[in-house]
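Peer 1: Can you read through this structure? Questions will come right after.
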Amino acid sequence: MGSCKVPYSVLLLCFFIGSFFVPECLSIGDDANQTAFLLVNASEALGRPIPETLFGIFFEEINHAGAGGLWAELVSNRGFEAGGPDIPSNIDPWSIIGDEYSSLTLSTERSSCFEHNKVALRMEVLCDAEGNNSCPAGGVGVYNPGFWGMNIEKGKKYKVVLYVRSSGAINVSVSLTGPDGLETLATQDIIASSCDVSNWKKMEVLLEANATNPNSRLQLTTTRKGVIWFDQVSTMPVDTYKGHGFRSELAEMLADLKPKFIRFPGGCFVEGEWLRNAFRWKATIGPWEERPGHFGDVWMYWTDDGLGYFELLQLTEDLGAFPVWVFNNGFSHNDQVSTFNVKPFVQEALDSIEFARGDPNSTWGSMRAAMGHPEPFDLRHVALGNEDCAKKNYRGNYLKFHTAIKKAYPDIKIITNCFGFSRKLDHPADFYDYHLYTSANNMFSMAHRFDVTSRAGPKAFVSEYAATGKNAGKGNLLAALAEAAFLIGIEQNSDVVSMASYAPLFVNDNDRRWSPDAIVFNSSQLYGTPSYWAQRFFRESSSATVLHSTLQTNTSTSQLIASAIMWENSGDSKSYLRIKIVNFGNDTVNLKISVDGLEPNSTLLSGSTKTELTSGNLMDENSFNEPNKVKPTQSPLENAGKDMDVVLLPYSLTSFDLLKGSSNLRTARTDYFSRSSSF
């Protein structure tokens, strides 16, 4: 069909995706070319508004996404509580500086001034500044390497806060050093009389680094004999995202996605393997020193909960997104609360909503105000649990929560864990949660998952999706293209899918509990996986208009999927027609695009662009050594217009942005969006 002369205006209005396979050969491209036709009706009145919240992000404390990641705290186990409330306690990763027999001894005591964090570190220094048992020149003490090394940068400032008590006068050096303690990057002494530190005293030190080292550590050392107790030792960079404690470069990658919502804090993190280790929001608010922290027994690590409920609400506001708050409704992976006994959990949920949006004079709203945010957060969505639908007490518990929340907050939208695309729900809900983790091939075919879903009833919230399995690697081109096809399907079905988010969002490369992920980082480096870059193609879709489009190929099976939207750049108020196409095949495709409803010369060459995501091999991944190996490239669209001949590279995601000029679209003849001819 390479020489097909069929006019654009008489293209059949059909769209089909058939069976396919990924060839054994993983290199991309061969000598075969295919031809396809795409007809787009640019009349916005024939289109359909896309929900303002269609694409967002999902944050869960997994892979050290928060502790040692997005939350900029550099000290790991800052309160010495990670080993549990009993003593002696494991203080890892704190370690000794000096000889533990002749210089000092370390132990833990339940003597802290904090009610919920009673464990403190006791350091007895046996050596002295002079005499027979003199301390080494650099002193003795303890150090903390943070989360696999602290990234200390020259010229930047770091605030160290610690609580100290002693039976005598103290002279403690607070230092940032290299990994072996030999290179001093910044240091300052804390000198206090015995009267000053006979009771617990908060000390603050501001350090400015004179050099850069991504594997640094914090040291507390002395050359004075005596006993010193330490607790709640924190080191934070002064420069954080919007001054709210988030690691700037990680938060900026989130901001670049322009998310319209953030679902948090889980996921399985909400539930725990056992309820005793579930996320309890009330334990994560208030002064950071007073938060007890908890062991996340699903992903198997301790969190100090510096990144708590308040901070996650703040993050959504900082990113201009809506919060989607997931709370525990009486379930863990291994135990559950009966419906007869679930009332305290219901009250916890009501209290959490009041904290977020209550009057600053209300019980919980006043606590939010005391934390520096008197204005309410814009909480509109809550989810009742995570993947709990099949559990015995779910429906009974759900109805208790639903009734109480709707009575107190009738405008709140409630999300159920039970799927609603294949059958009518047996309980009221505004949205139903849908999770999809599958192979790349199956993910591509799932682009049509919602084509036949009933248009009545609750809308879908695809809160977790990702191409997984062996062929997805740690996040490669193949996975990203399959996910992009799935998102195109969601975009086209945005009358029944209201929200979607990828999972997981972050992974600290030193503690990979799940793979693939969108953003990979360590103490000083980061990169987006191809899946991250694929999501950027959809960042203007929320609140846009999805247009009527028809795709026809010259094969009995198609490995193409396309969509078209009209969107407006909020920065300059310019309007664009964006066409996105995934070529999931190994052939180059010659695509003929015809845009109906545009006046002649109504698109501008200057400002119209083509953006491509592809690579030389399907399994290509990004890495710290090659962070941009698979990354979109943008170029001017030199033939922008109502009729275009374009080339789609094998295994690629391509978008064409046509900048609209001053000419208006032709008047629409109807005011409805026809689905039958496109799906």
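Here's how to read the names in the structure tokens: chain A, B, ... by the order shown, residue numbers from 1 in each chain, ligand numbers from 1 in the order shown.
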Considering only C-alpha atoms, tabulate each residue of range 244-265 of chain A that lies at most 10 Å from range 515-523 of chain A along with its nearest interatomic pair and the corresponding distance in Å to one decimal; arrange the rows by chain and ascending residue number and present them as JSON lines.
Peer 2:
```
{"residue": "A:Leu250", "atom": "CA", "partner": "A:Ile519", "partner_atom": "CA", "distance": 8.3}
{"residue": "A:Met253", "atom": "CA", "partner": "A:Ile519", "partner_atom": "CA", "distance": 8.3}
{"residue": "A:Leu254", "atom": "CA", "partner": "A:Ile519", "partner_atom": "CA", "distance": 9.2}
```
Peer 1: Now that the selection is made, can you save its residues with C-alpha atoms as a compact mmCIF listing (two decimals), in the first residue's frame?
Peer 2:
```txt
# COMPACT_ATOMS: atom_id res chain seq x y z
CA LEU A 250 14.53 15.06 43.11
CA MET A 253 12.17 16.08 38.54
CA LEU A 254 8.69 15.64 39.97
```
Peer 1: Please identify the strand (DSSP E) residues within range 132-219 of chain A (assignment by DSSP from backbone atoms) and present them as a ChimeraX atom specification.
Peer 2: /A:140-144,150-152,157-166,170-177,184-192,201-208,213-219
Peer 1: Hey, what's within 12 Å of Leu526 in chain A if we count only C-alpha atoms and toss same-chain stuff fewer than 2 positions away? As a list of chain:residue names, please?
Peer 2: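 Here the qualifying residues turn out to be A:Gly69, A:Leu70, A:Arg247, A:Ser248, A:Glu249, A:Leu250, A:Ala251, A:Glu252, A:Met253, A:Phe506, A:Val507, A:Asn508, A:Asp509, A:Ala518, A:Ile519, A:Val520, A:Phe521, A:Asn522, A:Ser523, A:Ser524, A:Gly528, A:Thr529, A:Asn622, A:Ser623, A:Phe624, A:Asn625, A:Glu626, A:Pro627, A:Asn628.
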Peer 1: With C-alpha atoms retained, could you export that selection as a PDB file, in the first residue's frame?
Peer 2:
```pdb
ATOM      1  CA  GLY A  69      15.749  10.126  49.176  1.00  0.00           C
ATOM      2  CA  LEU A  70      13.180  12.854  48.660  1.00  0.00           C
ATOM      3  CA  ARG A 247      15.876  17.241  48.175  1.00  0.00           C
ATOM      4  CA  SER A 248      15.830  19.877  45.467  1.00  0.00           C
ATOM      5  CA  GLU A 249      16.914  17.940  42.408  1.00  0.00           C
ATOM      6  CA  LEU A 250      14.525  15.060  43.113  1.00  0.00           C
ATOM      7  CA  ALA A 251      11.591  17.401  43.720  1.00  0.00           C
ATOM      8  CA  GLU A 252      12.439  19.296  40.546  1.00  0.00           C
ATOM      9  CA  MET A 253      12.172  16.084  38.542  1.00  0.00           C
ATOM     10  CA  PHE A 506      11.714   6.455  43.236  1.00  0.00           C
ATOM     11  CA  VAL A 507      14.503   3.997  43.940  1.00  0.00           C
ATOM     12  CA  ASN A 508      17.701   4.572  45.861  1.00  0.00           C
ATOM     13  CA  ASP A 509      20.127   2.456  43.876  1.00  0.00           C
ATOM     14  CA  ALA A 518      10.719   6.023  37.337  1.00  0.00           C
ATOM     15  CA  ILE A 519      13.604   7.889  38.989  1.00  0.00           C
ATOM     16  CA  VAL A 520      16.883   6.343  40.159  1.00  0.00           C
ATOM     17  CA  PHE A 521      19.242   8.124  42.542  1.00  0.00           C
ATOM     18  CA  ASN A 522      22.021   7.797  45.066  1.00  0.00           C
ATOM     19  CA  SER A 523      23.481  10.403  47.408  1.00  0.00           C
ATOM     20  CA  SER A 524      24.674  12.693  44.612  1.00  0.00           C
ATOM     21  CA  GLY A 528      15.042   9.282  34.840  1.00  0.00           C
ATOM     22  CA  THR A 529      14.363   5.863  33.369  1.00  0.00           C
ATOM     23  CA  ASN A 622      19.738   4.761  31.425  1.00  0.00           C
ATOM     24  CA  SER A 623      22.368   4.633  34.156  1.00  0.00           C
ATOM     25  CA  PHE A 624      24.563   6.891  36.252  1.00  0.00           C
ATOM     26  CA  ASN A 625      27.256   6.547  33.571  1.00  0.00           C
ATOM     27  CA  GLU A 626      24.796   7.161  30.715  1.00  0.00           C
ATOM     28  CA  PRO A 627      21.858   9.055  32.244  1.00  0.00           C
ATOM     29  CA  ASN A 628      20.633  10.298  28.852  1.00  0.00           C
TER      30      ASN A 628
END
```
Peer 1: Please identify every residue of range 425-460 of chain A that has at least one atom no farther than 8 Å from an atom of range 407-413 of chain A, counting only C-alpha atoms, and for each give the shortest atom pair and the distance in Å to one decimal, arranged by chain then increasing number, as a Markdown table.
Peer 2:
```
| residue | atom | partner | partner_atom | distance |
| --- | --- | --- | --- | --- |
| A:Ala429 | CA | A:Lys413 | CA | 7.9 |
| A:Asp430 | CA | A:Lys413 | CA | 5.6 |
| A:Phe431 | CA | A:Lys413 | CA | 7.5 |
```
Peer 1: Which one of A:Pro650, A:Pro458, A:Pro323, A:Gly296 sits closest to Cys268 in chain A if you count only C-alpha atoms?
Peer 2: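 That would be A:Gly296, the residue with the smallest distance to Cys268 in chain A.
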Peer 1: Taking the DSSP secondary structure from the backbone, can you list the residues of range 509-555 of chain A that are helix (DSSP H, G or I), as a count of residues only?
Peer 2: 7
Peer 1: Using only C-alpha atoms, which of A:Ala383, A:Val582, A:Ala440, A:Val174 sits nearest Lys159 in chain A?
Peer 2: A:Val174
